[in-house]
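Notes follow the structure.
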Amino acid sequence: MLDIKLIREQPDLVRTRLASRHGGDEKAIDTILELDEQRRKLLAEVEQLKAQRNRVSKEIGALMGQKKLEEAEARKQETREIGDRIGELDKRVAEAEQKRDDLLVRLPNLPHESVKFGASAEDNVEVRVWGEKPAFSFQPKNHIELCESLKLVDFARAAKISGSGFLLYTNFGARLERALIQFLLDLHTNQHGYTEVSPPFLVTRDCMLGVGQFPKFADQYYGVQEGLDASTLGKLYLIPTAETPVANIHREEILSEKQLPVRYCGYTPCFRGEAGAAGVGTRGMIRVHQFDKVELIKIVKPEDGYSELEAMVANAEKVLQLLGLHYRVLLLCTGDMGFASAKTYDIEVWAPGQNQYLEVSSCSNCEDFQARRMNLRFKDESGENRFPHILNGSGTALARLYVALLETCQQADGSIAIPPALQPYFKADSIRP
RNA sequence: GGAGAGAUGGCUGAGUGGUUUAAGGCACACGCCUGGAAAGCGUGCGUAGCUAAACACUACCGAGGGUUCGAAUCCCUCUCUCUCCGCCA
């Protein structure tokens, strides 16, 4: 959520930055300011009345104490009317506030000043490239062919069980998935200083609101119902990413400055309905309703936000380097960033069988946008409560990593050569037909 | 799912309609005292709104409603925690 004070004091700045995202959100600013003005006017009025009521009530108490009942009764008459007006005004304040906040929670974050203006993915900036596209002396297969020939994933039966967009890993395919998860968690906890967490996969709507998935994108996620009790529908949601539970771990808390930086990593499955998206249509593993991901989350002092973001990107890149996978890092332009982010780097890994790069990681600094929504603060050395920066990054998403790994590491004989870094986890150096 | 007990500031813990403006204790910070420390004494010490800022004012005792001139306190609904029982991996 944007700071209402910033909108009040620098509306033009806010409008310009919002406009740079090409979402049309800047149009809401005037209405927000009107509602805010209305609310503050009413608030001043009602608070004055409340002060008066408190004063008189205290006097009534004193009169009752002195047994001057008649006088007390007279004062009661006098203030009875004030109570009614307070009730009326309180309601109007709440209404204005509600309307203002409904608009406010739908505004995306302001892009950081280092982010390039642009309308779409076309305008993203390639920051760096690592490795090269592998050259094959044979006709390489795509991951679907490899999964089928090596019996790593049973696409047909997954569809039978759950419908399209789900995966059934089998035998060595399942082991490879597990090995990757373990490898990623060990890397980030042992080498990169993150603390491992294993969070719930179902969260409340407050958590969805806290990181910015709600209310604007509520149609993209799975809500669940308990048993046959329809009244429970919408209390809990399947997490679309570990960011949702993990970034919310300290919601509504005041951390001490000494606790920062907080760095968490955690593995979870991720569930995405993505209703209205172009369609899960893509065959294979690239766009699915459920995939595994190891997520990185940081809660840091605002002054450290951007250096921590660079470090986080490097942590995610390390994964691909150790696996020997060619990738590139993009700095997203204003028009292509996610709702909560002020600055985002995407890491795209090369998938030879697709002949394209696949997004496997997105690392963002959301600044205080999420902290404000979840009321997470830290007390600095001077005793002041401030909002920290919250960062999230995939470290990395699994299904697409799996695709790139299979397609990159395939051999002429149809086998997969497991990268050395992964062998201790996979407990073999290859997968053979 | 059944029965019972609870939810008050960083922690602990009093408060059953009116000097509660939330007591007391612990912790913390500063000062006095001391050669230095401890103890002792004194002062301060929740969150937010409003304000250019300060004062003042307002709100907040799990959440939301209600009764009242006035609610931490009374009434209703909900949430969560704990204990026991049942079911369950």
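Every chain in the structure tokens takes a letter, A first, then B, and so on in the order presented; its residues are numbered from 1, and the ligands are numbered from 1 following the presented order.
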
Could you write out, as a ChimeraX atom specification, all the residues of range 28-146 of chain A that DSSP marks as helix (DSSP H, G or I)? /A:28-65,69-104,121-123,143-146

Which residues of chain B are close to chain A, meaning at most 12 Å apart when you count only C-alpha atoms (C1' of nucleotides), and how do they look as a list in words?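 Applying the cut-off to the listed atoms yields G10, G17, G18, U19, U21, C28, A29, C45, G46, U47, A48, G49, C50, U51, A52, A56, C57, U58, A59, U68, C69 and G70 of chain B.
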
In Å, with one decimal, what is the gap from CA of Tyr194 in chain A to CA of Ser361 in chain A?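 Computing the Euclidean distance for CA of Tyr194 in chain A and CA of Ser361 in chain A yields 16.9 Å.
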
What's around Ala342 in chain A at 8 Å? Count only C-alpha atoms (C1' of nucleotides), leave out sequence neighbours fewer than 3 positions away in its own chain, and write the answer as a list in words. Asn109, Leu110, Pro111, His112, Met337, Ser364, Asn365, Cys366 and Glu367 of chain A

Those same residues, written as an mmCIF file, in the first residue's frame with N, CA, C and O atoms?
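What ended up in again-v6.cif:
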data_model
loop_
_atom_site.group_PDB
_atom_site.id
_atom_site.type_symbol
_atom_site.label_atom_id
_atom_site.label_comp_id
_atom_site.auth_asym_id
_atom_site.auth_seq_id
_atom_site.Cartn_x
_atom_site.Cartn_y
_atom_site.Cartn_z
ATOM 1 N N ASN A 109 2.568 -0.677 -6.466
ATOM 2 C CA ASN A 109 3.695 0.071 -5.909
ATOM 3 C C ASN A 109 4.278 1.040 -6.953
ATOM 4 O O ASN A 109 4.060 0.873 -8.155
ATOM 5 N N LEU A 110 5.004 2.024 -6.485
ATOM 6 C CA LEU A 110 5.688 2.953 -7.396
ATOM 7 C C LEU A 110 7.018 2.348 -7.821
ATOM 8 O O LEU A 110 7.777 1.879 -6.988
ATOM 9 N N PRO A 111 7.312 2.367 -9.109
ATOM 10 C CA PRO A 111 8.606 1.847 -9.572
ATOM 11 C C PRO A 111 9.756 2.687 -9.004
ATOM 12 O O PRO A 111 9.638 3.900 -8.855
ATOM 13 N N HIS A 112 10.837 2.019 -8.680
ATOM 14 C CA HIS A 112 12.038 2.705 -8.209
ATOM 15 C C HIS A 112 12.600 3.566 -9.337
ATOM 16 O O HIS A 112 12.394 3.273 -10.518
ATOM 17 N N MET A 337 6.445 -4.931 -14.473
ATOM 18 C CA MET A 337 6.679 -5.376 -13.099
ATOM 19 C C MET A 337 5.392 -5.832 -12.424
ATOM 20 O O MET A 337 4.302 -5.397 -12.754
ATOM 21 N N SER A 364 12.444 -9.387 -6.353
ATOM 22 C CA SER A 364 11.884 -8.051 -6.257
ATOM 23 C C SER A 364 12.151 -7.415 -4.910
ATOM 24 O O SER A 364 12.141 -8.091 -3.882
ATOM 25 N N ASN A 365 12.349 -6.109 -4.941
ATOM 26 C CA ASN A 365 12.282 -5.344 -3.702
ATOM 27 C C ASN A 365 10.931 -4.638 -3.713
ATOM 28 O O ASN A 365 10.663 -3.821 -4.587
ATOM 29 N N CYS A 366 10.100 -4.981 -2.744
ATOM 30 C CA CYS A 366 8.785 -4.358 -2.652
ATOM 31 C C CYS A 366 8.829 -3.141 -1.739
ATOM 32 O O CYS A 366 7.775 -2.564 -1.426
ATOM 33 N N GLU A 367 10.030 -2.794 -1.303
ATOM 34 C CA GLU A 367 10.200 -1.669 -0.373
ATOM 35 C C GLU A 367 9.235 -1.822 0.796
ATOM 36 O O GLU A 367 9.098 -2.933 1.321
#

Closest of A:Val105, A:Leu13, A:Leu146, A:Val127 to Met208 in chain A - atom-to-atom distances counting only C-alpha atoms: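 Smallest separation from Met208 in chain A among the options: A:Val105.
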
Residues within 12 Å of Thr189 in chain A, please, as a PyMOL selection string. Count only C-alpha atoms (C1' of nucleotides); anything in the same chain fewer than 4 positions from it doesn't count. chain A and resi 182-185+193-197+263-267+294-296+315+395

Rounded to one decimal, what separation in Å do you get between CA of Ala28 in chain A and CA of Glu122 in chain A?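 Interatomic distance here is 27.0 Å.
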
DSSP on the backbone, then: every residue of range 53-235 of chain A marked strand (DSSP E or B), written as a PyMOL selection string. chain A and resi 125-130+153+169+195-197+202-204+223-224+226+229

Measuring atom to atom with only C-alpha atoms, identify which of A:Lys133, A:His143, A:Lys67, A:Arg21 is nearest to Trp350 in chain A.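 Nearest to Trp350 in chain A: A:Lys133.
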
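In this structure, CA of His326 in chain A sits 17.1 Å away from CA of Ser394 in chain A.
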